[in-house]
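Chemist: Got a structure for you, questions after.
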Amino acid sequence: MSKVHSNKTNLQVLYEDNHLIIINKRAGDIVQGDKTGDQPLSDIVKAYLKDKFNKPGNVYLGVVHRLDRPTSGVVMFAKTSKALPRLNKLFADKKADKTYWAVVKNQPPKNENTLIHWLKKNPKNNKSSAYSKEVNGSKKAILSYKILKALDNYYVLEIELETGRHHQIRSQLSSIGCPIKGDLKYGFDRSNKDASISLHARRLKFVHPVSKIDIDIVAPLPEDPIWNACLT
């Protein structure tokens, strides 16, 4: 696994080769441009590549998947038009294993469990509601969690995603009475100081679609007393 390194564009690059680049996203960064007009992570990565390789023209970069703005952790981009459709297929075929860590206030009903809900997105408030059975316009959502650690006032959960729905982890954990720390939208009582939520895309495992080697990337946790307590 490649050594983590930062650079003058303030990117934390976890892995890079000719076909792809994997970043440890900071909470607050948007992956792709949106109506806010804020500079997206994709543009920051392009600037990094342009500078690193001294490219005169435009830099190619394909967005493979996204993380919610207040979430941190592993995000992968394609550096070539050859790699992008292969990486997209990898995700579509559920051949990329995604592991998340979440800090919640309440203890889940079980130490480990698989949650199955039907999520329905409301575009007006950009929120997904979780239902115990299928409703019109809903999509099936599946995740598995286990309690990783009990802290003084919180629980750290490790989550494996089987499906990738809009706000899936946030909505499903909230529906079992365990909203994520800082997530006002899904029922936590106060925000984090930096407007983040305590949800981190911790690990990404997949077989490289071009070289066929096993890639296993772990993203360091944000600098925060509670995240630090997860590792002690």
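Identifiers in this document derive from the order of the structure tokens: chains are assigned A, B, ..., residues are numbered from 1 separately in each chain, and ligands are numbered from 1 in order of occurrence.
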What are the closest atom pairs, with distances in Å to one decimal, for each residue of region 80-148 of chain A lying within 7 Å of region 152-167 of chain A, using only C-alpha atoms, rows by chain and rising residue number, as CSV?

Modeler:
residue,atom,partner,partner_atom,distance
A:Lys98,CA,A:Leu161,CA,6.0
A:Thr99,CA,A:Glu160,CA,4.8
A:Tyr100,CA,A:Ile159,CA,5.0
A:Trp101,CA,A:Glu158,CA,4.7
A:Ala102,CA,A:Leu157,CA,5.2
A:Val103,CA,A:Val156,CA,4.6
A:Val104,CA,A:Tyr155,CA,5.3
A:Lys105,CA,A:Tyr154,CA,4.6
A:Asn106,CA,A:Tyr154,CA,6.8
A:Gln107,CA,A:Tyr155,CA,6.4
A:Ser128,CA,A:His167,CA,6.3
A:Ala141,CA,A:Thr163,CA,5.7
A:Ile142,CA,A:Glu162,CA,5.4
A:Leu143,CA,A:Leu161,CA,4.7
A:Ser144,CA,A:Glu160,CA,5.2
A:Tyr145,CA,A:Ile159,CA,4.4
A:Lys146,CA,A:Glu158,CA,5.5
A:Ile147,CA,A:Leu157,CA,4.5
A:Leu148,CA,A:Leu157,CA,5.2

Chemist: Would you tabulate, counting only C-alpha atoms, all residues of region 4-60 of chain A that have an atom at most 12 Å from an atom of region 184-200 of chain A, showing the closest pair of atoms and their distance in Å to one decimal, sorted by chain then ascending number, as a tab-separated table?

Modeler:
residue	atom	partner	partner_atom	distance
A:Asn24	CA	A:His200	CA	9.6
A:Lys25	CA	A:His200	CA	9.2
A:Arg26	CA	A:Ser196	CA	9.1
A:Ala27	CA	A:Ser196	CA	5.5
A:Gly28	CA	A:Ser196	CA	6.5
A:Asp29	CA	A:Ser196	CA	10.0

Chemist: Pick from A:Ile21, A:Ser174, A:Tyr60, A:Arg69: nearest to Thr36 (chain A), with only C-alpha atoms counted?

Modeler: A:Arg69

Chemist: Extract the full set of strand (DSSP E) residues from region 2-232 of chain A according to DSSP on the backbone, and format it as number ranges by chain.

Modeler: A: 5-6, 12-16, 20-25, 62-63, 72-78, 97-104, 112-122, 127-131, 139-150, 155-161, 199-207, 214-218

Chemist: Using only C-alpha atoms, pick whichever of A:Ser211, A:Pro70, A:His65, A:Lys79 has the shortest atom-to-atom distance to Lys50 (chain A).

Modeler: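 Result for the nearest residue to Lys50 (chain A): A:Lys79.
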
Chemist: Report the distance between CA of Lys127 (chain A) and CA of Cys178 (chain A) in Å, rounded to one decimal place.

Modeler: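 CA of Cys178 (chain A) lies at a distance of 16.4 Å from CA of Lys127 (chain A).
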
Chemist: Taking 6 positions as the minimum chain separation for residues in the same chain, which residues sit within 10 Å of Arg86 (chain A) when counting only C-alpha atoms? Answer as a PDB file with C-alpha atoms, in the first residue's frame.

Modeler:
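Once everything was written out, this is result-v7.pdb:
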ATOM      1  CA  VAL A  64     -16.226   7.178  -9.600  1.00  0.00           C
ATOM      2  CA  ALA A  78     -10.191   7.775 -12.387  1.00  0.00           C
ATOM      3  CA  ALA A  92     -22.146  -1.189 -10.004  1.00  0.00           C
ATOM      4  CA  HIS A 208      -7.562  -3.072  -9.721  1.00  0.00           C
ATOM      5  CA  PRO A 209      -9.531  -3.155 -13.002  1.00  0.00           C
ATOM      6  CA  VAL A 210      -6.432  -2.722 -15.177  1.00  0.00           C
TER       7      VAL A 210
END

Chemist: Could you state the separation of CA of Pro179 (chain A) and CA of Asp38 (chain A) in Å, given to one decimal place?

Modeler: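 Separation of CA of Pro179 (chain A) and CA of Asp38 (chain A): 27.2 Å.
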
Chemist: Return as an MDAnalysis selection string the full set of residues in region 89-224 of chain A whose backbone-based DSSP assignment is helix (DSSP H, G or I).

Modeler: chainID A and resid 89:92 168:175 184:186
